[in-house]
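To keep things clear, I will list the structure first and then write my remarks on it.
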Amino acid sequence: MRPEAGLCFAASFAPALLDPARGTPEVVTGPHGKGASRRYDVYRNNVTVSLIDALAAVYPAVQRITGAEFFRAMARFHVRSNPPTSPLLFEYGHSFPQFIEAYEHAQTMPWLADVARIERAWLDGYHARDAAPLSAASLSSIAPERLAEIVLTPHPAMRIVRSPFAALTIFAANRDEAPSARIDASIAEDALITRPDFEVAVRHLPPGGAVFACCLASGQPLGEAAGAALEAAADFDIATNIAGLIAAGAFTSHALGDAR
Amino acid sequence: MSTVIEPTRPAAMPLRFSTPIGGVAGTSFKPEHLPDILEAGPRRGFFEVHAENYMGDGGPPHRALEAIRRDHPLSLHGVCMSIGGPRPLDKAHLARFRGLVARYQPALVSEHLAWSTHETSFYNDLLPLPYTEATLACVCDHIDQMQEAIRRPLLLENPSTYVAFRDSSMRETEFIRAVAERTGCGLLLDVNNVFVSSTNQGYSALDYLADFPLSRVGEIHLAGHAEQADDEGDLLLIDSHDGPVADAVWKLYQIVIRRRGAVPTLIEWDSKIPAWPVLQAEALAAQAILDRHQSAAPEGERHAA
């Protein structure tokens, strides 16, 4: 829809908000013939600072790792090139991990983007729809010979982040204020994010566990998921893994595959 | 055999207070204050939240809001509807807003005379608009849509502004009065915004208030502001919500209450958030002023005139 005459003010006012190269829009003025540069700059500042603050609220561990000055400079680039498209700020920054991955000055911290991915998944889990997690007891009614056929429905808060680095250990060490021991960043880690009892929890998945959980979350029957996990890790233990996922609140319901 | 848990639409929370809520003072609700608020138990007052913070599907924010709303009236304050913008309202956002009103049954519902979205970008600020016949028609249309969606009158808040538009053909008070008359909406008078804008725009705050349709005011906001300078080095006030209410704003507030009578009054404090007792003390100061001007004290609560 083309704005009618007299409604073009937003198109004149908006472009310079996130573009410091543009001058103060012609449509605005100060009172009684005063200038409007510093006055318009209040809006530029409100927009830029509040959006950087929004990223800092989503990514506190990343900020703690890089320091506020580094973080805010990096976030400013991202805010200017990728402003939010939704008024829900807790949805902002889904493309920030990718941005960090490519950010020139963050190349010495190759694990930083994966720490950001865990933080983004944490917040997604925090705001996800409420649902009662599946209890371990409800699986006991399944005849053992049919267990391989069951299909599980993932809990709305369940997320998996896989990293070739120790991103989860780094995340955990930087989400609390306690000083952490030295971390070997080169150890690959898989993280499971869930929200049992309304508190977000982040757990390490054992070798094969992420493949297993991803297969289940995508709707594959338990037997197939276990097969894929065994291919990924020869020592994969199905009983421990399924019990661990259920205890973590990763699923809401089960069904027999043939009942789909 | 299967166990399927169907997502259910949360039921509306029952009211445990009478509406309208009368001349009580409330505060912004900040989640970090929740333990203190719950420990103190139900108290006179109300809490206001930014609607957008509770538009997630589930999780801890809704638990906190349910806990607050169980014992206190709630004010739902929208920040992002972009009522003042030229673009059609975002239908999905309107539906989310309607859902929150239906679920939490707030005592007060308000939005801003401002805009925040253009094309695909959300700017997260309350941006200004020119006051013209064209923008008036557009704002009225947006408020009609919102009031139709929530099935109740909206309170529209006067803005803090730092610039003026060359195109404007009417005063802000004239514009706001026309919006209220055409749409039937109520008004949220932000006294700090009046002080900030009058300083920044070089007019008298008292003249503004004399021209403001006070009989339509259903809520008042009070907040702190910060000081900067404009291009000429003169004082430019910033609506920062990061400190106590200024003395000059308290004085304007007393003038408004003397003329208007007691109306729900909110202490807004959104950054550099203090400990709960500090915020509560600001609300008690507003309550003391309100109590000197209660035309009829609510049942069960008698206060000396």
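Letters A, B, ... go to the chains of the structure tokens in the order shown; residues in each chain start at 1; ligands are counted from 1 in the same order.
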Starting from chain A, keep only residues with some atom at most 7 Å from an atom of chain B, counting only C-alpha atoms, and report them as a PyMOL selection string. chain A and resi 3+6-7+10+27-31+35-40+46-47+50+83-88+126-130+198+253-256
Give me the residues near A:Pro154 as a ChimeraX atom specification, where near means some atom within 12 Å (using only C-alpha atoms) and where sequence neighbours in that chain fewer than 4 positions away do not count. /A:125,128-129,131-134,158-160,192-195,213-220,245-246,248-255 /B:4-5
Could you dump the residues just selected with C-alpha atoms as a compact mmCIF listing (two decimals), in the first residue's frame?
```
# COMPACT_ATOMS: atom_id res chain seq x y z
CA GLY A 125 13.68 -22.55 25.62
CA ALA A 128 8.74 -21.72 24.66
CA ARG A 129 5.16 -22.91 25.08
CA ALA A 131 3.84 -28.38 28.26
CA ALA A 132 4.08 -31.16 30.83
CA PRO A 133 7.16 -33.32 30.21
CA LEU A 134 6.78 -37.04 29.59
CA MET A 158 13.97 -28.68 23.80
CA ARG A 159 17.01 -27.56 21.76
CA ILE A 160 20.29 -29.24 20.81
CA LEU A 192 20.86 -30.32 25.43
CA ILE A 193 18.61 -27.41 26.45
CA THR A 194 15.32 -28.21 28.20
CA ARG A 195 12.91 -26.55 30.58
CA ALA A 213 18.14 -36.83 20.38
CA CYS A 214 18.07 -35.10 16.98
CA CYS A 215 16.69 -38.25 15.29
CA LEU A 216 14.00 -38.60 17.96
CA ALA A 217 13.11 -34.91 17.77
CA SER A 218 12.68 -35.21 14.01
CA GLY A 219 10.15 -38.03 14.51
CA GLN A 220 12.25 -41.14 13.87
CA LEU A 245 16.56 -37.39 27.92
CA ILE A 246 13.28 -38.18 29.68
CA ALA A 248 15.71 -33.80 31.39
CA GLY A 249 12.16 -33.19 30.17
CA ALA A 250 13.05 -33.44 26.49
CA PHE A 251 9.73 -34.96 25.39
CA THR A 252 6.04 -34.46 26.05
CA SER A 253 4.44 -37.64 24.72
CA HIS A 254 5.01 -40.95 22.99
CA ALA A 255 3.16 -42.93 20.39
CA VAL B 4 -1.03 -36.70 23.90
CA ILE B 5 -1.03 -33.40 25.71
```
Polymer residues at most 8 Å from A:Ile183, only C-alpha atoms, same-chain spacing of 5 or more positions, as a ChimeraX atom specification: /A:166,169-170
Got a sec to tell me which of stretch 99-258 of chain A DSSP assigns to helix (DSSP H, G or I), as a VMD selection string? chain A and resid 99 to 102 104 to 106 112 to 127 136 to 139 144 to 149 167 to 175 196 to 198 209 to 217 222 to 232 238 to 247 257 to 258
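The closest residue to B:Leu222, picked from B:Ala288, B:Ala25, B:Ala149, B:Leu156 and counting only C-alpha atoms, is B:Ala25.
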Give me, as a list of chain:residue names, the residues of stretch 171-218 of chain A that a backbone DSSP run labels strand (DSSP E). A:Glu189, A:Asp190, A:Ala191, A:Leu192, A:Ile193, A:Thr194, A:Ala201, A:Val202, A:Arg203, A:His204, A:Leu205
Using only C-alpha atoms, which residues sit within 10 Å of stretch 114-119 of chain A once same-chain residues fewer than 6 positions away are excluded, as JSON, numbers by chain? {"A": [57, 58, 59, 60, 61, 62, 63, 65, 93, 94, 95, 96, 97, 98, 100, 101, 125, 159, 160, 161, 162, 163, 164, 165, 166, 167, 168, 169, 170, 171, 172, 174, 175, 190, 191, 192, 193, 202]}
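The coordinates place atom CA of A:Leu17 at 29.2 Å from atom CA of B:Ile267.
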Please provide as a list of chain:residue names all residues within 9 Å of stretch 259-265 of chain B, with the sequence filter that same-chain residues fewer than 4 positions apart are discarded (counting only C-alpha atoms). B:Ile21, B:Gly22, B:Gly23, B:Val24, B:Ala25, B:Gly26, B:Thr27, B:Gly45, B:Phe46, B:Leu214, B:Ser215, B:Val217, B:Gly218, B:Glu219, B:Ile220, B:His221, B:Leu222, B:Gln254, B:Ile255, B:Ala283, B:Ala286, B:Gln287, B:Ile289, B:Leu290, B:Asp291, B:Arg292, B:His293, B:Gln294, B:Ser295
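With distances taken over only C-alpha atoms, B:Ala107 is the one residue among B:Leu34, B:Leu89, B:Leu76, B:Ala107 lying closest to B:Thr19.
Across the model, the gap from atom CA of A:Ala68 to atom CA of A:Ala102 is 19.3 Å.
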Applying 10 Å and only C-alpha atoms, which residues near B:His72 remain after dropping the ones on its own chain fewer than 2 positions away? List them as a PyMOL selection string. chain B and resi 15-17+26+41-47+66-70+74-75+106-107
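Between atom CA of B:Leu94 and atom CA of B:Arg182 lies a distance of 20.8 Å.
Ranking B:Pro153, B:Lys251, B:His50, B:Pro73 by their shortest atom-to-atom distance to A:Leu89, with only C-alpha atoms included, puts B:His50 first.
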